[in-house]
$ cat query36.json   # JSON, C-alpha atoms
[["chain", "number", "residue", "atom", "x", "y", "z"],
["P", 1, "MET", "CA", -5.27, -42.14, 19.34],
["P", 2, "SER", "CA", -5.16, -40.95, 22.94],
["P", 3, "PHE", "CA", -1.35, -41.28, 22.81],
["P", 4, "ILE", "CA", -1.22, -38.79, 19.94],
["P", 5, "PHE", "CA", -3.30, -36.22, 21.85],
["P", 6, "ASP", "CA", -1.18, -36.78, 24.96],
["P", 7, "THR", "CA", 1.93, -35.66, 23.05],
["P", 8, "ILE", "CA", 0.33, -32.42, 21.80],
["P", 9, "ARG", "CA", 1.24, -29.47, 23.99],
["P", 10, "LEU", "CA", -0.47, -26.11, 24.32],
["P", 11, "LEU", "CA", 2.50, -24.50, 22.56],
["P", 12, "ASP", "CA", 1.93, -26.83, 19.59],
["P", 13, "LEU", "CA", -1.64, -25.57, 19.24],
["P", 14, "ILE", "CA", -0.45, -21.97, 19.47],
["P", 15, "ASP", "CA", 2.19, -22.75, 16.85],
["P", 16, "ILE", "CA", -0.45, -24.15, 14.47],
["P", 17, "LEU", "CA", -2.73, -21.16, 14.99],
["P", 18, "LEU", "CA", 0.09, -18.70, 14.33],
["P", 19, "VAL", "CA", 1.08, -20.49, 11.12],
["P", 20, "ALA", "CA", -2.55, -20.56, 9.98],
["P", 21, "PHE", "CA", -2.89, -16.84, 10.71],
["P", 22, "LEU", "CA", 0.32, -16.10, 8.80],
["P", 23, "ILE", "CA", -0.82, -18.13, 5.78],
["P", 24, "PHE", "CA", -4.18, -16.36, 5.82],
["P", 25, "GLN", "CA", -2.51, -12.93, 5.88],
["P", 26, "VAL", "CA", -0.24, -13.89, 2.98],
["P", 27, "TYR", "CA", -3.27, -15.12, 1.04],
["P", 28, "LYS", "CA", -5.04, -11.80, 1.61],
["P", 29, "LEU", "CA", -2.02, -9.98, 0.19],
["P", 30, "VAL", "CA", -1.69, -12.06, -2.98],
["P", 31, "ARG", "CA", -5.42, -12.53, -3.58],
["P", 32, "GLY", "CA", -6.51, -10.86, -6.80],
["P", 33, "THR", "CA", -2.95, -10.27, -8.02],
["P", 34, "VAL", "CA", -0.67, -11.99, -10.53],
["P", 35, "ALA", "CA", 1.25, -13.34, -7.53],
["P", 36, "VAL", "CA", -1.48, -15.96, -7.09],
["P", 37, "ASN", "CA", -0.56, -17.53, -10.44],
["P", 38, "ILE", "CA", 3.11, -17.52, -9.44],
["P", 39, "PHE", "CA", 2.15, -19.23, -6.19],
["P", 40, "TYR", "CA", 0.33, -21.94, -8.15],
["P", 41, "GLY", "CA", 3.43, -22.46, -10.29],
["P", 42, "VAL", "CA", 5.67, -22.83, -7.23],
["P", 43, "PHE", "CA", 3.19, -25.28, -5.69],
["P", 44, "LEU", "CA", 3.17, -27.43, -8.87],
["P", 45, "ILE", "CA", 6.98, -27.55, -8.89],
["P", 46, "TYR", "CA", 6.91, -28.73, -5.29],
["P", 47, "LEU", "CA", 4.37, -31.47, -6.10],
["P", 48, "LEU", "CA", 6.49, -32.55, -9.07],
["P", 49, "TRP", "CA", 9.53, -32.77, -6.79],
["P", 50, "LEU", "CA", 7.62, -35.01, -4.38],
["P", 51, "LEU", "CA", 6.51, -37.24, -7.26],
["P", 52, "VAL", "CA", 10.06, -37.49, -8.62],
["P", 53, "ARG", "CA", 11.38, -38.44, -5.18],
["P", 54, "ALA", "CA", 8.70, -41.10, -4.83],
["P", 55, "LEU", "CA", 9.66, -42.58, -8.24],
["P", 56, "ASN", "CA", 13.35, -42.39, -7.28],
["P", 57, "MET", "CA", 14.36, -40.46, -10.42],
["P", 58, "GLN", "CA", 17.87, -39.43, -9.41],
["P", 59, "LEU", "CA", 18.84, -36.87, -12.08],
["P", 60, "LEU", "CA", 15.58, -34.95, -12.20],
["P", 61, "GLY", "CA", 15.25, -35.24, -8.45],
["P", 62, "THR", "CA", 18.69, -33.66, -7.96],
["P", 63, "ILE", "CA", 17.84, -30.74, -10.27],
["P", 64, "LEU", "CA", 14.50, -30.08, -8.62],
["P", 65, "GLY", "CA", 16.08, -30.52, -5.20],
["P", 66, "GLN", "CA", 18.53, -27.71, -5.96],
["P", 67, "ILE", "CA", 15.64, -25.50, -7.04],
["P", 68, "ILE", "CA", 13.68, -26.30, -3.88],
["P", 69, "GLY", "CA", 16.80, -25.63, -1.80],
["P", 70, "LEU", "CA", 16.93, -22.08, -3.16],
["P", 71, "GLY", "CA", 13.18, -21.73, -2.81],
["P", 72, "LEU", "CA", 13.20, -19.22, 0.08],
["P", 73, "ILE", "CA", 15.55, -16.82, -1.71],
["P", 74, "ALA", "CA", 13.60, -17.24, -4.96],
["P", 75, "LEU", "CA", 10.30, -16.55, -3.19],
["P", 76, "LEU", "CA", 11.70, -13.38, -1.61],
["P", 77, "ILE", "CA", 12.76, -12.18, -5.06],
["P", 78, "VAL", "CA", 9.54, -13.13, -6.84],
["P", 79, "PHE", "CA", 7.22, -11.91, -4.09],
["P", 80, "GLN", "CA", 9.23, -8.86, -3.05],
["P", 81, "GLN", "CA", 6.27, -6.50, -3.52],
["P", 82, "GLU", "CA", 3.98, -8.75, -1.49],
["P", 83, "VAL", "CA", 6.59, -9.13, 1.26],
["P", 84, "ARG", "CA", 7.01, -5.36, 1.29],
["P", 85, "ARG", "CA", 3.25, -4.87, 1.61],
["P", 86, "PHE", "CA", 3.03, -7.46, 4.41],
["P", 87, "LEU", "CA", 5.76, -5.76, 6.44],
["P", 88, "LEU", "CA", 4.23, -2.36, 5.73],
["P", 89, "VAL", "CA", 0.79, -3.46, 6.93],
["P", 90, "LEU", "CA", 2.33, -5.10, 9.99],
["P", 91, "GLY", "CA", 4.34, -2.01, 10.90],
["P", 92, "THR", "CA", 1.49, 0.39, 10.18],
["P", 93, "ARG", "CA", -1.01, -1.56, 12.26],
["P", 94, "TYR", "CA", 1.10, -1.52, 15.44],
["P", 95, "PHE", "CA", 2.92, 1.79, 15.00],
["P", 96, "ARG", "CA", 0.05, 3.80, 13.51],
["P", 97, "ASN", "CA", -1.26, 5.30, 16.74],
["P", 98, "GLY", "CA", 2.18, 6.24, 17.93],
["P", 99, "LYS", "CA", 1.84, 4.15, 21.09],
["P", 100, "ILE", "CA", 4.84, 2.08, 20.00],
["P", 101, "SER", "CA", 7.56, 4.10, 18.31],
["P", 102, "PHE", "CA", 11.28, 4.69, 18.43],
["P", 103, "ASP", "CA", 10.61, 8.27, 19.53],
["P", 104, "HIS", "CA", 8.91, 6.96, 22.66],
["P", 105, "LEU", "CA", 11.41, 4.17, 23.08],
["P", 106, "PHE", "CA", 14.45, 6.47, 23.11],
["P", 107, "GLN", "CA", 12.49, 9.49, 24.42],
["P", 108, "LEU", "CA", 13.48, 11.66, 21.50],
["P", 109, "SER", "CA", 12.38, 15.26, 21.97],
["P", 110, "SER", "CA", 10.47, 16.72, 19.03],
["P", 111, "GLN", "CA", 8.19, 19.60, 18.26],
["P", 112, "ARG", "CA", 4.64, 18.56, 17.50],
["P", 113, "VAL", "CA", 2.77, 19.97, 14.54],
["P", 114, "SER", "CA", -0.98, 20.37, 14.22],
["P", 115, "GLY", "CA", -2.99, 17.83, 12.24],
["P", 116, "TRP", "CA", -4.32, 17.92, 8.71],
["P", 117, "ASP", "CA", -6.27, 20.74, 7.10],
["P", 118, "PHE", "CA", -8.91, 18.37, 5.75],
["P", 119, "GLU", "CA", -11.36, 21.08, 4.74],
["P", 120, "SER", "CA", -8.98, 22.71, 2.27],
["P", 121, "ILE", "CA", -8.19, 19.34, 0.71],
["P", 122, "VAL", "CA", -11.87, 18.41, 0.35],
["P", 123, "ARG", "CA", -12.85, 21.81, -1.06],
["P", 124, "ALA", "CA", -10.07, 21.54, -3.64],
["P", 125, "CYS", "CA", -11.24, 18.07, -4.67],
["P", 126, "GLU", "CA", -14.82, 19.28, -5.00],
["P", 127, "LYS", "CA", -13.76, 22.18, -7.24],
["P", 128, "LEU", "CA", -11.56, 19.89, -9.36],
["P", 129, "SER", "CA", -14.43, 17.43, -9.63],
["P", 130, "LYS", "CA", -16.84, 20.10, -10.92],
["P", 131, "THR", "CA", -14.40, 21.22, -13.61],
["P", 132, "LYS", "CA", -13.36, 17.63, -14.45],
["P", 133, "THR", "CA", -9.73, 18.43, -13.75],
["P", 134, "GLY", "CA", -7.61, 15.34, -13.13],
["P", 135, "ALA", "CA", -5.79, 15.22, -9.81],
["P", 136, "LEU", "CA", -3.78, 12.79, -7.70],
["P", 137, "LEU", "CA", -3.14, 13.69, -4.05],
["P", 138, "VAL", "CA", -1.01, 11.49, -1.80],
["P", 139, "LEU", "CA", -1.46, 12.11, 1.92],
["P", 140, "ALA", "CA", 1.50, 10.71, 3.84],
["P", 141, "LYS", "CA", 0.94, 9.19, 7.26],
["P", 142, "LYS", "CA", 3.99, 8.18, 9.32],
["P", 143, "SER", "CA", 6.43, 8.22, 6.39],
["P", 144, "GLU", "CA", 7.08, 11.52, 4.59],
["P", 145, "LEU", "CA", 7.61, 9.65, 1.27],
["P", 146, "ARG", "CA", 10.79, 11.57, 0.52],
["P", 147, "ALA", "CA", 11.94, 9.04, -2.09],
["P", 148, "TYR", "CA", 8.80, 9.73, -4.14],
["P", 149, "ALA", "CA", 8.88, 13.47, -3.46],
["P", 150, "GLU", "CA", 12.39, 13.67, -4.91],
["P", 151, "THR", "CA", 11.09, 12.44, -8.29],
["P", 152, "GLY", "CA", 9.02, 15.62, -8.67],
["P", 153, "CYS", "CA", 9.27, 19.34, -8.05],
["P", 154, "GLN", "CA", 9.77, 20.45, -4.46],
["P", 155, "VAL", "CA", 7.03, 22.83, -3.27],
["P", 156, "ASP", "CA", 6.99, 22.93, 0.57],
["P", 157, "ALA", "CA", 3.96, 25.18, 0.85],
["P", 158, "THR", "CA", 1.02, 25.53, 3.19],
["P", 159, "ILE", "CA", -2.02, 23.53, 2.14],
["P", 160, "SER", "CA", -4.75, 25.64, 0.56],
["P", 161, "ALA", "CA", -7.59, 24.77, -1.79],
["P", 162, "GLU", "CA", -6.60, 27.51, -4.22],
["P", 163, "LEU", "CA", -2.99, 26.32, -4.49],
["P", 164, "ILE", "CA", -4.03, 22.70, -5.08],
["P", 165, "GLU", "CA", -6.45, 23.80, -7.80],
["P", 166, "THR", "CA", -3.79, 25.96, -9.43],
["P", 167, "ILE", "CA", -1.20, 23.19, -9.51],
["P", 168, "PHE", "CA", -3.58, 20.72, -11.17],
["P", 169, "ARG", "CA", -4.81, 23.13, -13.84],
["P", 170, "LYS", "CA", -4.18, 21.66, -17.28],
["P", 171, "ASP", "CA", -1.99, 24.59, -18.32],
["P", 172, "SER", "CA", 0.17, 24.26, -15.19],
["P", 173, "PRO", "CA", 3.64, 22.73, -15.66],
["P", 174, "LEU", "CA", 3.13, 20.78, -12.41],
["P", 175, "HIS", "CA", -0.28, 19.23, -13.16],
["P", 176, "ASP", "CA", 1.04, 15.89, -14.42],
["P", 177, "GLY", "CA", 1.90, 13.20, -11.86],
["P", 178, "GLY", "CA", 1.05, 13.11, -8.17],
["P", 179, "MET", "CA", 1.11, 15.70, -5.41],
["P", 180, "ILE", "CA", 2.56, 14.59, -2.09],
["P", 181, "LEU", "CA", 1.24, 16.15, 1.10],
["P", 182, "ALA", "CA", 3.21, 15.47, 4.28],
["P", 183, "ARG", "CA", 3.13, 17.01, 7.75],
["P", 184, "ASN", "CA", 0.14, 19.16, 6.73],
["P", 185, "ARG", "CA", 2.11, 20.80, 3.90],
["P", 186, "ILE", "CA", 2.33, 20.37, 0.15],
["P", 187, "SER", "CA", 5.70, 18.66, -0.08],
["P", 188, "ALA", "CA", 6.09, 18.15, -3.85],
["P", 189, "ALA", "CA", 4.19, 18.02, -7.12],
["P", 190, "ARG", "CA", 4.63, 16.27, -10.48],
["P", 191, "CYS", "CA", 5.89, 13.17, -8.66],
["P", 192, "VAL", "CA", 6.28, 9.77, -10.29],
["P", 193, "LEU", "CA", 4.25, 7.11, -8.47],
["P", 194, "PRO", "CA", 4.31, 3.30, -8.75],
["P", 195, "VAL", "CA", 1.53, 1.71, -10.82],
["P", 196, "SER", "CA", -0.42, -1.22, -9.41],
["P", 197, "GLU", "CA", -0.40, -4.53, -11.28],
["P", 198, "ASN", "CA", -3.58, -5.74, -9.62],
["P", 199, "PRO", "CA", -5.68, -7.36, -12.40],
["P", 200, "SER", "CA", -8.91, -6.76, -10.48],
["P", 201, "ILE", "CA", -8.76, -3.03, -11.20],
["P", 202, "PRO", "CA", -11.40, -2.29, -13.88],
["P", 203, "SER", "CA", -9.93, -1.72, -17.34],
["P", 204, "ARG", "CA", -11.97, 1.47, -17.73],
["P", 205, "LEU", "CA", -9.77, 3.13, -15.10],
["P", 206, "GLY", "CA", -6.60, 4.79, -16.33],
["P", 207, "LEU", "CA", -3.06, 5.14, -15.05],
["P", 208, "ARG", "CA", -4.02, 7.83, -12.53],
["P", 209, "HIS", "CA", -6.24, 5.37, -10.60],
["P", 210, "ARG", "CA", -3.69, 2.56, -10.97],
["P", 211, "ALA", "CA", -1.00, 4.85, -9.60],
["P", 212, "ALA", "CA", -3.27, 5.67, -6.64],
["P", 213, "VAL", "CA", -3.71, 1.98, -5.83],
["P", 214, "GLY", "CA", -0.01, 1.30, -6.42],
["P", 215, "MET", "CA", 1.01, 4.10, -4.07],
["P", 216, "SER", "CA", -1.30, 2.83, -1.33],
["P", 217, "GLU", "CA", 0.14, -0.68, -1.83],
["P", 218, "ASN", "CA", 3.76, 0.47, -1.57],
["P", 219, "SER", "CA", 3.33, 2.89, 1.33],
["P", 220, "ASP", "CA", 1.05, 3.71, 4.24],
["P", 221, "SER", "CA", -0.36, 6.72, 2.39],
["P", 222, "PHE", "CA", -3.96, 7.68, 1.68],
["P", 223, "VAL", "CA", -4.45, 8.67, -1.97],
["P", 224, "ILE", "CA", -7.25, 10.78, -3.45],
["P", 225, "VAL", "CA", -8.00, 10.72, -7.19],
["P", 226, "VAL", "CA", -10.15, 13.02, -9.30],
["P", 227, "SER", "CA", -11.03, 11.58, -12.70],
["P", 228, "GLU", "CA", -10.37, 13.80, -15.69],
["P", 229, "GLU", "CA", -13.01, 12.02, -17.78],
["P", 230, "THR", "CA", -15.93, 11.79, -15.34],
["P", 231, "GLY", "CA", -14.99, 14.15, -12.51],
["P", 232, "TYR", "CA", -15.64, 11.40, -9.96],
["P", 233, "ILE", "CA", -13.64, 11.44, -6.73],
["P", 234, "SER", "CA", -12.06, 8.18, -5.57],
["P", 235, "TYR", "CA", -9.62, 7.22, -2.86],
["P", 236, "ALA", "CA", -7.19, 4.36, -2.31],
["P", 237, "ASN", "CA", -6.13, 3.02, 1.06],
["P", 238, "GLN", "CA", -4.03, -0.11, 1.74],
["P", 239, "GLY", "CA", -4.46, -1.28, -1.86],
["P", 240, "GLU", "CA", -8.25, -0.89, -1.90],
["P", 241, "LEU", "CA", -9.91, 1.58, -4.28],
["P", 242, "VAL", "CA", -13.24, 3.23, -3.42],
["P", 243, "GLY", "CA", -14.90, 5.14, -6.24],
["P", 244, "LYS", "CA", -17.59, 7.78, -6.76],
["P", 245, "VAL", "CA", -17.04, 9.45, -3.40],
["P", 246, "LYS", "CA", -18.85, 12.68, -2.53],
["P", 247, "GLY", "CA", -17.24, 15.54, -0.67],
["P", 248, "ASP", "CA", -19.26, 14.91, 2.50],
["P", 249, "GLU", "CA", -18.18, 11.28, 2.53],
["P", 250, "LEU", "CA", -14.57, 12.32, 2.09],
["P", 251, "ARG", "CA", -14.94, 14.67, 5.06],
["P", 252, "LYS", "CA", -15.96, 11.68, 7.19],
["P", 253, "VAL", "CA", -13.30, 9.27, 5.90],
["P", 254, "LEU", "CA", -10.26, 11.54, 6.22],
["P", 255, "PRO", "CA", -10.51, 12.07, 10.01],
["P", 256, "LEU", "CA", -11.05, 8.34, 10.51],
["P", 257, "VAL", "CA", -7.95, 7.40, 8.52],
["P", 258, "LEU", "CA", -5.66, 10.34, 9.27],
["P", 259, "GLY", "CA", -7.33, 12.12, 12.17],
["P", 260, "ASP", "CA", -5.08, 10.55, 14.80],
["P", 261, "THR", "CA", -1.90, 11.54, 12.94],
["P", 262, "ILE", "CA", 0.19, 13.94, 15.02],
["P", 263, "PHE", "CA", 3.39, 15.03, 13.32],
["P", 264, "SER", "CA", 6.56, 15.16, 15.35]]

$ encode --input "query36.json" --output "structure tokens"
Amino acid sequence: MSFIFDTIRLLDLIDILLVAFLIFQVYKLVRGTVAVNIFYGVFLIYLLWLLVRALNMQLLGTILGQIIGLGLIALLIVFQQEVRRFLLVLGTRYFRNGKISFDHLFQLSSQRVSGWDFESIVRACEKLSKTKTGALLVLAKKSELRAYAETGCQVDATISAELIETIFRKDSPLHDGGMILARNRISAARCVLPVSENPSIPSRLGLRHRAAVGMSENSDSFVIVVSEETGYISYANQGELVGKVKGDELRKVLPLVLGDTIFS
């Protein structure tokens, strides 16, 4: 027994801890999604392959061996959304504060823009909540979400509570879909957003809330939702949905999540 411990190096312990941390992070990403069931299926195929090898079943073992051999590529295809979220969380966590960025690395000169006009956004949400007017606002962080903005109508206007209310009025041609706000400006409206497939989202919530969660899963954005049925304000951040938020609470959350964002 002492011989075994003598052969274990410090780097081996670090290696084990890093693998355990990686597995835990992957579990957090797939927890509560349909990807967990897919993971169980892959695990059962792997156990079946081990059993077939132990029984020396040549034909079935060869077939399963080919499947296992392509396992990495298959997993990347099947879990592409989860892999995307993992890389997004990883990049956002270490690049969020701007301490590590390509701009600093290559010393790119850029003009800095003032931060968010949170008060106008909150006042608009409060007005929309009182009138039970449905709304979906996507606040971009580091990425300007141009791919999603191109699916809607380009606005490029200064943020104001009155303009946000006007766009989401039911008789407005731009009220359907999401509004993208980037660099403290209204970038686009009537944008098509990805819908989350997370089964843990309550069935009573409609596509607007699922789109909010889906957008926060597929980007580093902060999404605010106003329910058309109840008038409740909710927000989604990093795939998590928080409901029944008051205006004062939103005023506290926005600076914490986006307050350190300085546009360059």

$ atom_distance --input "query36.json" --atom1 "CA of Leu193 (chain P)" --atom2 "CA of Ile167 (chain P)"
17.0 Å

$ atom_distance --input "query36.json" --atom1 "CA of Arg251 (chain P)" --atom2 "CA of Val122 (chain P)"
6.8 Å

$ closest_residue --input "query36.json" --among "P:Leu250, P:Leu11, P:Ile45, P:Val52" --to "Glu119 (chain P)" --atoms "all atoms listed in the file"
P:Leu250

$ closest_residue --input "query36.json" --among "P:Ile16, P:Ala157, P:Val192, P:Leu174" --to "Leu145 (chain P)" --atoms "all atoms listed in the file"
P:Val192

$ atom_distance --input "query36.json" --atom1 "CA of Thr230 (chain P)" --atom2 "CA of Phe118 (chain P)"
23.2 Å

$ closest_residue --input "query36.json" --among "P:Ala189, P:Leu51, P:Ile8, P:Val223" --to "His175 (chain P)" --atoms "only C-alpha atoms"
P:Ala189

$ closest_residue --input "query36.json" --among "P:Ser187, P:Gln58, P:Ser196, P:Asn218" --to "Arg146 (chain P)" --atoms "all atoms listed in the file"
P:Ser187

$ closest_residue --input "query36.json" --among "P:Asn198, P:Thr62, P:Ser143, P:Ser203" --to "Ser221 (chain P)" --atoms "all atoms listed in the file"
P:Ser143

$ residues_around --input "query36.json" --residues "Val225 (chain P)" --least-positions-apart "5" --cutoff "12 Å" --atoms "all atoms listed in the file" --output "JSON, numbers by chain"
{"P": [121, 122, 124, 125, 126, 128, 129, 132, 133, 134, 135, 136, 137, 138, 139, 168, 177, 178, 179, 205, 206, 207, 208, 209, 210, 211, 212, 213, 215, 216, 230, 231, 232, 233, 234, 235, 236, 237, 241, 242, 243, 244, 245, 246, 250]}

$ closest_residue --input "query36.json" --among "P:Ile14, P:Ile180, P:Ala20, P:Leu59" --to "Val155 (chain P)" --atoms "only C-alpha atoms"
P:Ile180
